[in-house]
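Colleague: Input protein-v6.pdb, format and content: PDB, C-alpha atoms.
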```pdb
ATOM      1  CA  MET E  22       5.648 134.952 157.039
ATOM      2  CA  LYS E  23       9.148 134.284 155.714
ATOM      3  CA  ARG E  24      11.849 136.910 156.173
ATOM      4  CA  VAL E  25      14.200 137.220 153.229
ATOM      5  CA  GLY E  26      17.332 139.349 153.002
ATOM      6  CA  ILE E  27      18.416 140.430 149.513
ATOM      7  CA  PHE E  28      21.962 141.813 149.616
ATOM      8  CA  THR E  29      23.200 144.140 146.874
ATOM      9  CA  ALA E  30      26.471 146.046 146.571
ATOM     10  CA  THR E  31      25.666 149.217 144.612
ATOM     11  CA  ARG E  32      22.841 151.722 144.270
ATOM     12  CA  TRP E  33      22.072 150.313 140.799
ATOM     13  CA  GLU E  34      21.512 146.829 142.197
ATOM     14  CA  TYR E  35      19.680 148.091 145.269
ATOM     15  CA  ALA E  36      17.280 150.123 143.106
ATOM     16  CA  ALA E  37      16.639 147.154 140.795
ATOM     17  CA  VAL E  38      15.293 145.089 143.711
ATOM     18  CA  ARG E  39      13.747 147.961 145.676
ATOM     19  CA  ARG E  40      11.461 148.960 142.787
ATOM     20  CA  ILE E  41       9.352 145.781 143.003
ATOM     21  CA  PHE E  42       7.926 146.893 146.369
ATOM     22  CA  PRO E  43       5.153 149.516 146.321
ATOM     23  CA  ASP E  44       5.922 150.775 149.815
ATOM     24  CA  GLY E  45       8.011 150.143 152.902
ATOM     25  CA  ASN E  46      10.553 151.785 155.196
ATOM     26  CA  THR E  47      14.131 152.873 154.576
ATOM     27  CA  HIS E  48      16.729 152.995 157.345
ATOM     28  CA  ARG E  49      20.277 151.918 158.183
ATOM     29  CA  HIS E  50      21.610 148.921 160.060
ATOM     30  CA  GLY E  51      25.219 149.726 160.871
ATOM     31  CA  ARG E  52      27.018 149.914 157.543
ATOM     32  CA  ALA E  53      24.058 148.864 155.406
ATOM     33  CA  ARG E  54      21.387 151.024 153.796
ATOM     34  CA  CYS E  55      18.196 148.977 154.085
ATOM     35  CA  PHE E  56      14.662 148.946 152.779
ATOM     36  CA  VAL E  57      12.065 146.729 154.461
ATOM     37  CA  GLY E  58       8.890 145.896 152.561
ATOM     38  CA  ARG E  59       6.362 143.130 152.061
ATOM     39  CA  ARG E  60       5.361 141.240 148.986
ATOM     40  CA  GLY E  61       3.150 138.157 148.897
ATOM     41  CA  ARG E  62       3.933 135.984 151.899
ATOM     42  CA  CYS E  63       7.377 137.497 152.522
ATOM     43  CA  GLU E  64       8.870 140.336 154.480
ATOM     44  CA  VAL E  65      11.956 141.395 152.561
ATOM     45  CA  VAL E  66      15.009 143.343 153.682
ATOM     46  CA  VAL E  67      16.855 144.847 150.707
ATOM     47  CA  ALA E  68      20.357 145.881 151.790
ATOM     48  CA  GLN E  69      23.025 147.920 150.011
ATOM     49  CA  THR E  70      26.323 146.743 151.446
ATOM     50  CA  GLY E  71      28.957 148.537 149.412
ATOM     51  CA  VAL E  72      31.408 146.920 147.014
ATOM     52  CA  GLY E  73      33.800 144.128 147.987
ATOM     53  CA  PRO E  74      33.920 141.153 150.342
ATOM     54  CA  GLU E  75      34.821 143.005 153.546
ATOM     55  CA  LYS E  76      31.999 145.529 153.252
ATOM     56  CA  ALA E  77      29.543 142.798 152.230
ATOM     57  CA  ALA E  78      30.360 140.548 155.181
ATOM     58  CA  ALA E  79      30.229 143.389 157.712
ATOM     59  CA  ALA E  80      26.918 144.706 156.392
ATOM     60  CA  CYS E  81      25.394 141.219 156.319
ATOM     61  CA  ARG E  82      26.334 140.655 159.947
ATOM     62  CA  ASP E  83      24.838 144.035 160.868
ATOM     63  CA  VAL E  84      21.549 143.166 159.170
ATOM     64  CA  LEU E  85      21.387 139.695 160.686
ATOM     65  CA  ARG E  86      21.759 141.149 164.157
ATOM     66  CA  GLU E  87      18.641 143.264 163.611
ATOM     67  CA  HIS E  88      16.634 140.999 161.308
ATOM     68  CA  PRO E  89      16.656 137.229 161.882
ATOM     69  CA  LEU E  90      16.283 135.863 158.340
ATOM     70  CA  ASP E  91      14.980 132.634 156.842
ATOM     71  CA  LEU E  92      17.000 133.175 153.655
ATOM     72  CA  ALA E  93      19.857 135.429 152.507
ATOM     73  CA  VAL E  94      20.306 136.117 148.784
ATOM     74  CA  SER E  95      23.321 137.648 147.061
ATOM     75  CA  ALA E  96      21.805 139.675 144.223
ATOM     76  CA  GLY E  97      22.905 142.131 141.584
ATOM     77  CA  LEU E  98      25.190 142.146 138.569
ATOM     78  CA  ALA E  99      27.973 139.751 137.645
ATOM     79  CA  CYS E 100      30.551 138.966 135.012
ATOM     80  CA  ALA E 101      29.717 135.833 133.053
ATOM     81  CA  LEU E 102      32.576 133.339 132.921
ATOM     82  CA  VAL E 103      30.750 131.181 130.372
ATOM     83  CA  SER E 104      29.104 131.944 127.060
ATOM     84  CA  ALA E 105      26.136 134.192 127.843
ATOM     85  CA  ARG E 106      24.270 137.313 126.816
ATOM     86  CA  ILE E 107      23.808 140.552 128.700
ATOM     87  CA  GLY E 108      20.895 140.177 131.117
ATOM     88  CA  ASP E 109      21.036 136.381 131.387
ATOM     89  CA  LEU E 110      20.414 135.104 134.926
ATOM     90  CA  LEU E 111      23.148 133.193 136.762
ATOM     91  CA  VAL E 112      22.045 131.069 139.730
ATOM     92  CA  GLY E 113      24.827 129.830 141.976
ATOM     93  CA  THR E 114      25.052 126.279 143.279
ATOM     94  CA  ASP E 115      28.164 127.064 145.366
ATOM     95  CA  VAL E 116      30.774 129.785 145.730
ATOM     96  CA  TRP E 117      34.538 130.033 146.256
ATOM     97  CA  MET E 118      36.610 132.982 147.448
ATOM     98  CA  GLU E 119      39.788 133.853 145.569
ATOM     99  CA  ALA E 120      42.720 134.109 147.974
ATOM    100  CA  ASP E 121      44.794 137.257 148.330
ATOM    101  CA  ASP E 122      47.637 135.926 146.207
ATOM    102  CA  HIS E 123      45.243 135.874 143.226
ATOM    103  CA  GLU E 124      46.426 132.392 142.254
ATOM    104  CA  ALA E 125      44.783 130.139 144.848
ATOM    105  CA  PHE E 126      41.325 129.734 146.325
ATOM    106  CA  GLU E 127      40.161 129.464 149.877
ATOM    107  CA  HIS E 128      39.589 125.894 150.994
ATOM    108  CA  VAL E 129      36.045 126.467 152.206
ATOM    109  CA  LYS E 130      33.393 126.212 149.522
ATOM    110  CA  ARG E 131      29.922 127.369 150.531
ATOM    111  CA  LEU E 132      26.960 125.525 149.059
ATOM    112  CA  CYS E 133      23.760 127.296 148.147
ATOM    113  CA  ALA E 134      20.382 126.044 149.393
ATOM    114  CA  GLY E 135      19.345 123.385 146.882
ATOM    115  CA  GLU E 136      15.624 124.052 147.161
ATOM    116  CA  ILE E 137      16.188 127.752 146.493
ATOM    117  CA  VAL E 138      18.342 127.006 143.452
ATOM    118  CA  VAL E 139      15.413 125.033 142.011
ATOM    119  CA  ALA E 140      12.961 127.790 142.924
ATOM    120  CA  ALA E 141      15.183 130.469 141.351
ATOM    121  CA  VAL E 142      15.522 128.572 138.092
ATOM    122  CA  ARG E 143      11.778 128.043 137.981
ATOM    123  CA  ALA E 144      11.116 131.745 138.654
ATOM    124  CA  ALA E 145      13.536 132.801 135.902
ATOM    125  CA  GLU E 146      11.943 130.443 133.401
ATOM    126  CA  GLN E 147       8.449 131.612 134.325
ATOM    127  CA  ALA E 148       9.590 135.218 133.829
ATOM    128  CA  GLY E 149      10.941 134.306 130.393
ATOM    129  CA  LEU E 150      14.571 134.911 131.352
ATOM    130  CA  PRO E 151      17.494 132.756 130.143
ATOM    131  CA  VAL E 152      19.132 131.140 133.165
ATOM    132  CA  LYS E 153      22.279 129.133 133.890
ATOM    133  CA  THR E 154      23.323 127.336 137.078
ATOM    134  CA  GLY E 155      26.777 126.541 138.408
ATOM    135  CA  SER E 156      29.605 127.676 140.646
ATOM    136  CA  PHE E 157      30.449 131.290 141.431
ATOM    137  CA  VAL E 158      33.804 132.754 142.363
ATOM    138  CA  THR E 159      34.280 135.916 144.426
ATOM    139  CA  ALA E 160      37.355 138.078 143.853
ATOM    140  CA  PRO E 161      38.577 140.952 146.047
ATOM    141  CA  ARG E 162      39.136 143.147 142.986
ATOM    142  CA  ILE E 163      37.544 143.927 139.631
ATOM    143  CA  LEU E 164      38.739 141.723 136.793
ATOM    144  CA  TRP E 165      38.523 144.261 133.996
ATOM    145  CA  HIS E 166      40.566 142.764 131.164
ATOM    146  CA  SER E 167      39.222 139.894 129.064
ATOM    147  CA  ALA E 168      42.445 137.909 129.538
ATOM    148  CA  GLU E 169      41.982 137.975 133.330
ATOM    149  CA  LYS E 170      38.382 136.843 133.033
ATOM    150  CA  GLN E 171      39.235 134.020 130.654
ATOM    151  CA  ALA E 172      42.030 132.832 132.933
ATOM    152  CA  MET E 173      39.636 132.822 135.894
ATOM    153  CA  ALA E 174      37.095 130.835 133.891
ATOM    154  CA  GLU E 175      39.700 128.222 132.968
ATOM    155  CA  ILE E 176      41.035 127.901 136.522
ATOM    156  CA  THR E 177      37.672 127.666 138.294
ATOM    157  CA  GLY E 178      35.094 126.332 135.833
ATOM    158  CA  ALA E 179      32.700 128.841 137.407
ATOM    159  CA  ILE E 180      29.800 130.447 135.555
ATOM    160  CA  GLY E 181      29.904 133.810 137.307
ATOM    161  CA  LEU E 182      32.254 136.242 138.997
ATOM    162  CA  ASP E 183      31.465 138.882 141.607
ATOM    163  CA  MET E 184      33.016 140.636 144.607
ATOM    164  CA  GLU E 185      30.581 139.805 147.424
ATOM    165  CA  SER E 186      28.882 136.397 147.289
ATOM    166  CA  ALA E 187      31.468 134.282 149.119
ATOM    167  CA  ALA E 188      31.686 136.809 151.949
ATOM    168  CA  LEU E 189      27.897 136.983 152.224
ATOM    169  CA  ALA E 190      27.714 133.180 152.230
ATOM    170  CA  GLU E 191      30.235 133.024 155.072
ATOM    171  CA  ALA E 192      28.335 135.600 157.149
ATOM    172  CA  ALA E 193      25.024 133.798 156.555
ATOM    173  CA  ALA E 194      26.545 130.442 157.478
ATOM    174  CA  GLY E 195      27.733 131.955 160.755
ATOM    175  CA  GLN E 196      24.076 132.476 161.683
ATOM    176  CA  HIS E 197      22.883 129.201 160.096
ATOM    177  CA  VAL E 198      20.865 131.088 157.483
ATOM    178  CA  PRO E 199      20.278 129.347 154.119
ATOM    179  CA  PHE E 200      21.951 131.197 151.262
ATOM    180  CA  ALA E 201      21.449 131.699 147.528
ATOM    181  CA  ILE E 202      23.059 133.617 144.657
ATOM    182  CA  VAL E 203      21.096 135.140 141.782
ATOM    183  CA  ARG E 204      22.837 137.641 139.544
ATOM    184  CA  SER E 205      22.314 139.123 136.104
ATOM    185  CA  VAL E 206      25.083 139.326 133.508
ATOM    186  CA  SER E 207      26.388 142.861 132.997
ATOM    187  CA  ASP E 208      29.687 142.036 131.268
ATOM    188  CA  LEU E 209      30.994 139.090 129.291
ATOM    189  CA  VAL E 210      34.012 136.848 129.652
ATOM    190  CA  ASP E 211      35.484 137.914 126.303
ATOM    191  CA  GLU E 212      35.092 141.692 126.708
ATOM    192  CA  SER E 213      37.309 144.131 128.544
ATOM    193  CA  LEU E 214      35.876 146.962 130.609
ATOM    194  CA  PRO E 215      36.646 150.512 129.389
ATOM    195  CA  VAL E 216      39.439 151.024 131.937
ATOM    196  CA  ASP E 217      40.798 149.428 135.106
ATOM    197  CA  LEU E 218      37.907 150.284 137.439
ATOM    198  CA  ASN E 219      39.983 149.276 140.463
ATOM    199  CA  LEU E 220      41.504 152.760 140.138
ATOM    200  CA  PHE E 221      38.171 154.204 141.240
ATOM    201  CA  MET E 222      37.688 151.952 144.279
ATOM    202  CA  ALA E 223      39.662 154.175 146.667
ATOM    203  CA  PRO E 224      39.480 158.002 146.853
ATOM    204  CA  ALA E 225      43.275 158.198 146.794
ATOM    205  CA  ASP E 226      43.359 156.543 143.364
ATOM    206  CA  TRP E 227      40.707 158.648 141.615
ATOM    207  CA  LEU E 228      43.263 160.900 139.933
ATOM    208  CA  LYS E 229      44.985 157.828 138.510
ATOM    209  CA  GLY E 230      41.641 156.626 137.164
ATOM    210  CA  LEU E 231      40.887 159.967 135.558
ATOM    211  CA  ALA E 232      44.346 160.042 134.044
ATOM    212  CA  ALA E 233      43.779 156.587 132.566
ATOM    213  CA  CYS E 234      40.519 157.792 131.006
ATOM    214  CA  VAL E 235      42.157 160.887 129.535
ATOM    215  CA  ALA E 236      44.932 158.738 128.086
ATOM    216  CA  ALA E 237      42.361 156.513 126.334
ATOM    217  CA  PRO E 238      39.616 158.715 124.831
ATOM    218  CA  SER E 239      37.878 155.641 123.395
ATOM    219  CA  CYS E 240      36.940 154.588 126.929
ATOM    220  CA  LEU E 241      34.027 157.080 126.840
ATOM    221  CA  GLY E 242      32.260 154.885 124.314
ATOM    222  CA  GLY E 243      33.056 151.898 126.515
ATOM    223  CA  PHE E 244      31.443 153.545 129.530
ATOM    224  CA  ILE E 245      28.317 154.324 127.491
ATOM    225  CA  ARG E 246      28.152 150.677 126.419
ATOM    226  CA  LEU E 247      28.700 149.440 129.975
ATOM    227  CA  ARG E 248      25.986 151.718 131.325
ATOM    228  CA  ALA E 249      23.528 150.326 128.785
ATOM    229  CA  GLN E 250      24.508 146.772 129.727
ATOM    230  CA  MET E 251      24.041 147.524 133.416
ATOM    231  CA  ARG E 252      20.595 148.972 132.723
ATOM    232  CA  THR E 253      19.566 145.830 130.828
ATOM    233  CA  ALA E 254      20.918 143.577 133.584
ATOM    234  CA  SER E 255      19.178 145.634 136.285
ATOM    235  CA  ASP E 256      15.835 145.453 134.477
ATOM    236  CA  ARG E 257      16.187 141.678 134.296
ATOM    237  CA  MET E 258      16.900 141.533 138.033
ATOM    238  CA  SER E 259      13.669 143.397 138.718
ATOM    239  CA  ARG E 260      11.673 140.998 136.520
ATOM    240  CA  PHE E 261      13.246 138.021 138.229
ATOM    241  CA  PHE E 262      12.635 139.125 141.817
ATOM    242  CA  GLU E 263       9.005 140.008 141.108
ATOM    243  CA  ARG E 264       8.423 136.348 140.251
ATOM    244  CA  PHE E 265      10.855 134.844 142.748
ATOM    245  CA  VAL E 266       9.486 136.560 145.856
ATOM    246  CA  ASP E 267       5.890 135.811 144.860
ATOM    247  CA  GLU E 268       6.638 132.116 144.320
ATOM    248  CA  LEU E 269       9.209 131.526 147.086
ATOM    249  CA  PRO E 270       8.647 128.225 148.920
ATOM    250  CA  GLN E 271       7.600 128.771 152.513
ATOM    251  CA  ASP E 272       9.674 125.827 153.745
ATOM    252  CA  VAL E 273      13.196 127.096 153.119
ATOM    253  CA  THR E 274      15.902 124.489 153.683
ATOM    254  CA  ARG E 275      19.653 124.306 153.211
TER     255      ARG E 275
END
```
Kindly present the structure from the file in structure tokens form.
Modeller:
Amino acid sequence: MKRVGIFTATRWEYAAVRRIFPDGNTHRHGRARCFVGRRGRCEVVVAQTGVGPEKAAAACRDVLREHPLDLAVSAGLACALVSARIGDLLVGTDVWMEADDHEAFEHVKRLCAGEIVVAAVRAAEQAGLPVKTGSFVTAPRILWHSAEKQAMAEITGAIGLDMESAALAEAAAGQHVPFAIVRSVSDLVDESLPVDLNLFMAPADWLKGLAACVAAPSCLGGFIRLRAQMRTASDRMSRFFERFVDELPQDVTR
């Protein structure tokens, strides 16, 4: 029986994957909230790591210490850096980490397991979900304005943007675990988020975030729209993983 780790950042993403398992056990491994269940020929660990590369890497290492895995998957929502629709599936072929100066990229590029890329595309197509493949980029902050997203797309040529995949890939590589990225589009390259959500990433900045919302009353409508987009993307993730786990090749390679 293959052991698969599916790593998500938020409760939305965790719930989207968790719901495909009828039963199992919930517990914690260090920093990560985990659910362990079985489906088909796989035992699956669904982990909620928290948002951002540092939390993702630490939680992945914690899980790997307790659960030797045959495959680690970065799952959840992502910003599309190419033309796409909400809920489209993005399957990574490789991933880069944006450096701290926000203008360069780390030298190490992590490749995704080629066989799993093929299997993920096949699962998405069988589930009737539009799917694109290509590079991902991981940033240590939320790119909330359309101009930032478009600049990132031009610089990198990536199809998707998130805050965890490169860190998860690095942690998995440290244990020689094959790695994959499958994410669903929750926001588009040409749309801005309602407000700079980085203001809500640290408790000390919450008042600044609330002040920004009060100063822009129209952001309420933006949050309602974003919530609907996240719900659509989460539903697509559930549909995908139902098919993917059932059809996962038993011989997982790099």
Colleague: To test the calculation: enclose all listed atoms of region 203-221 of chain E in a box whose edges run along x, y and z, add 8 Å on each side, then state centre and edge lengths in Å to one decimal, as AutoDock Vina command-line options.
Modeller:
```
--center_x 31.3 --center_y 144.7 --center_z 134.0 --size_x 36.4 --size_y 35.1 --size_z 31.5
```
Colleague: Could you jot down the CA of Val138 (chain E) to CA of Leu164 (chain E) separation for me, Å, one decimal place?
Modeller: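 Computing the Euclidean distance for CA of Val138 (chain E) and CA of Leu164 (chain E) yields 26.0 Å.
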Colleague: Can you work out the spacing between CA of Pro215 (chain E) and CA of Phe244 (chain E) in Å, to one decimal?
Modeller: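 Calculated distance between CA of Pro215 (chain E) and CA of Phe244 (chain E) is 6.0 Å.
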Colleague: Pick the closest to Arg59 (chain E) from E:Arg82, E:Val72, E:Val25, E:Asp109: which is it, counting all atoms listed in the file?
Modeller: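 The shortest atom-to-atom distance to Arg59 (chain E) comes from E:Val25.
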Colleague: Can you tell me how far CA of Ala78 (chain E) sits from CA of Ala53 (chain E), in Å to one decimal?
Modeller: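 Separation of CA of Ala78 (chain E) and CA of Ala53 (chain E): 10.4 Å.
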Colleague: Which one is closest to Ser213 (chain E): E:Ala174, E:Ala194, E:Ala99, E:Cys240? Count all atoms listed in the file.
Modeller: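 Going through E:Ala174, E:Ala194, E:Ala99, E:Cys240 one by one, the smallest distance to Ser213 (chain E) is for E:Cys240.
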Colleague: Applying 6 Å and only C-alpha atoms, which residues near Asp115 (chain E) remain after dropping the ones on its own chain fewer than 6 positions away? List them as a VMD selection string.
Modeller: chain E and resid 131 to 133 156
Colleague: From the options E:Leu269, E:Leu220, E:Ala179, E:Ile245, which residue's atoms come nearest to Leu111 (chain E), counting all atoms listed in the file?
Modeller: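 Of the candidates, the smallest distance to Leu111 (chain E) is held by E:Ala179.
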Colleague: Please produce region 123-159 of chain E, completed to N, CA and C atoms, as a CSV table (one decimal), in the frame of the given file.
Modeller:
```
chain,number,residue,atom,x,y,z
E,123,HIS,N,45.8,135.8,144.6
E,123,HIS,CA,45.2,135.9,143.2
E,123,HIS,C,45.5,134.6,142.4
E,124,GLU,N,46.1,133.6,143.0
E,124,GLU,CA,46.4,132.4,142.3
E,124,GLU,C,45.8,131.2,142.9
E,125,ALA,N,45.4,131.3,144.1
E,125,ALA,CA,44.8,130.1,144.8
E,125,ALA,C,43.4,130.5,145.3
E,126,PHE,N,42.7,129.5,145.9
E,126,PHE,CA,41.3,129.7,146.3
E,126,PHE,C,41.2,129.2,147.7
E,127,GLU,N,40.4,129.9,148.5
E,127,GLU,CA,40.2,129.5,149.9
E,127,GLU,C,39.6,128.0,149.9
E,128,HIS,N,40.0,127.3,150.9
E,128,HIS,CA,39.6,125.9,151.0
E,128,HIS,C,38.1,125.7,151.2
E,129,VAL,N,37.5,126.6,151.9
E,129,VAL,CA,36.0,126.5,152.2
E,129,VAL,C,35.2,126.9,151.0
E,130,LYS,N,34.4,125.9,150.6
E,130,LYS,CA,33.4,126.2,149.5
E,130,LYS,C,32.0,126.2,150.2
E,131,ARG,N,31.3,127.3,149.9
E,131,ARG,CA,29.9,127.4,150.5
E,131,ARG,C,28.9,126.9,149.5
E,132,LEU,N,28.0,126.0,149.9
E,132,LEU,CA,27.0,125.5,149.1
E,132,LEU,C,25.7,126.4,149.2
E,133,CYS,N,25.0,126.6,148.1
E,133,CYS,CA,23.8,127.3,148.1
E,133,CYS,C,22.6,126.3,148.4
E,134,ALA,N,21.5,126.9,149.0
E,134,ALA,CA,20.4,126.0,149.4
E,134,ALA,C,19.8,125.4,148.1
E,135,GLY,N,19.8,124.1,148.1
E,135,GLY,CA,19.3,123.4,146.9
E,135,GLY,C,17.9,123.7,146.5
E,136,GLU,N,17.0,123.8,147.5
E,136,GLU,CA,15.6,124.1,147.2
E,136,GLU,C,15.5,125.4,146.6
E,137,ILE,N,16.3,126.4,147.0
E,137,ILE,CA,16.2,127.8,146.5
E,137,ILE,C,16.8,127.8,145.1
E,138,VAL,N,17.8,127.1,144.8
E,138,VAL,CA,18.3,127.0,143.5
E,138,VAL,C,17.2,126.6,142.5
E,139,VAL,N,16.5,125.5,142.9
E,139,VAL,CA,15.4,125.0,142.0
E,139,VAL,C,14.3,126.1,141.9
E,140,ALA,N,14.0,126.8,143.0
E,140,ALA,CA,13.0,127.8,142.9
E,140,ALA,C,13.4,129.0,142.1
E,141,ALA,N,14.7,129.3,142.1
E,141,ALA,CA,15.2,130.5,141.4
E,141,ALA,C,15.2,130.2,139.9
E,142,VAL,N,15.6,129.0,139.5
E,142,VAL,CA,15.5,128.6,138.1
E,142,VAL,C,14.1,128.6,137.6
E,143,ARG,N,13.2,128.1,138.4
E,143,ARG,CA,11.8,128.0,138.0
E,143,ARG,C,11.2,129.5,137.8
E,144,ALA,N,11.6,130.4,138.7
E,144,ALA,CA,11.1,131.7,138.7
E,144,ALA,C,11.7,132.4,137.4
E,145,ALA,N,12.9,132.2,137.1
E,145,ALA,CA,13.5,132.8,135.9
E,145,ALA,C,12.8,132.3,134.6
E,146,GLU,N,12.6,131.0,134.6
E,146,GLU,CA,11.9,130.4,133.4
E,146,GLU,C,10.5,131.0,133.3
E,147,GLN,N,9.8,131.1,134.4
E,147,GLN,CA,8.4,131.6,134.3
E,147,GLN,C,8.4,133.1,133.9
E,148,ALA,N,9.5,133.8,134.2
E,148,ALA,CA,9.6,135.2,133.8
E,148,ALA,C,10.1,135.4,132.4
E,149,GLY,N,10.4,134.3,131.8
E,149,GLY,CA,10.9,134.3,130.4
E,149,GLY,C,12.4,134.7,130.3
E,150,LEU,N,13.2,134.5,131.3
E,150,LEU,CA,14.6,134.9,131.4
E,150,LEU,C,15.5,133.7,131.2
E,151,PRO,N,16.5,133.8,130.3
E,151,PRO,CA,17.5,132.8,130.1
E,151,PRO,C,18.3,132.6,131.5
E,152,VAL,N,18.5,131.4,131.9
E,152,VAL,CA,19.1,131.1,133.2
E,152,VAL,C,20.1,130.0,133.1
E,153,LYS,N,21.3,130.2,133.8
E,153,LYS,CA,22.3,129.1,133.9
E,153,LYS,C,22.6,128.9,135.4
E,154,THR,N,23.0,127.7,135.7
E,154,THR,CA,23.3,127.3,137.1
E,154,THR,C,24.7,126.8,137.1
E,155,GLY,N,25.4,127.0,138.2
E,155,GLY,CA,26.8,126.5,138.4
E,155,GLY,C,27.5,127.3,139.5
E,156,SER,N,28.8,127.1,139.6
E,156,SER,CA,29.6,127.7,140.6
E,156,SER,C,29.9,129.2,140.4
E,157,PHE,N,30.0,129.9,141.5
E,157,PHE,CA,30.4,131.3,141.4
E,157,PHE,C,31.8,131.4,142.1
E,158,VAL,N,32.6,132.4,141.7
E,158,VAL,CA,33.8,132.8,142.4
E,158,VAL,C,33.8,134.2,142.7
E,159,THR,N,34.2,134.5,143.9
E,159,THR,CA,34.3,135.9,144.4
E,159,THR,C,35.7,136.4,144.5
```
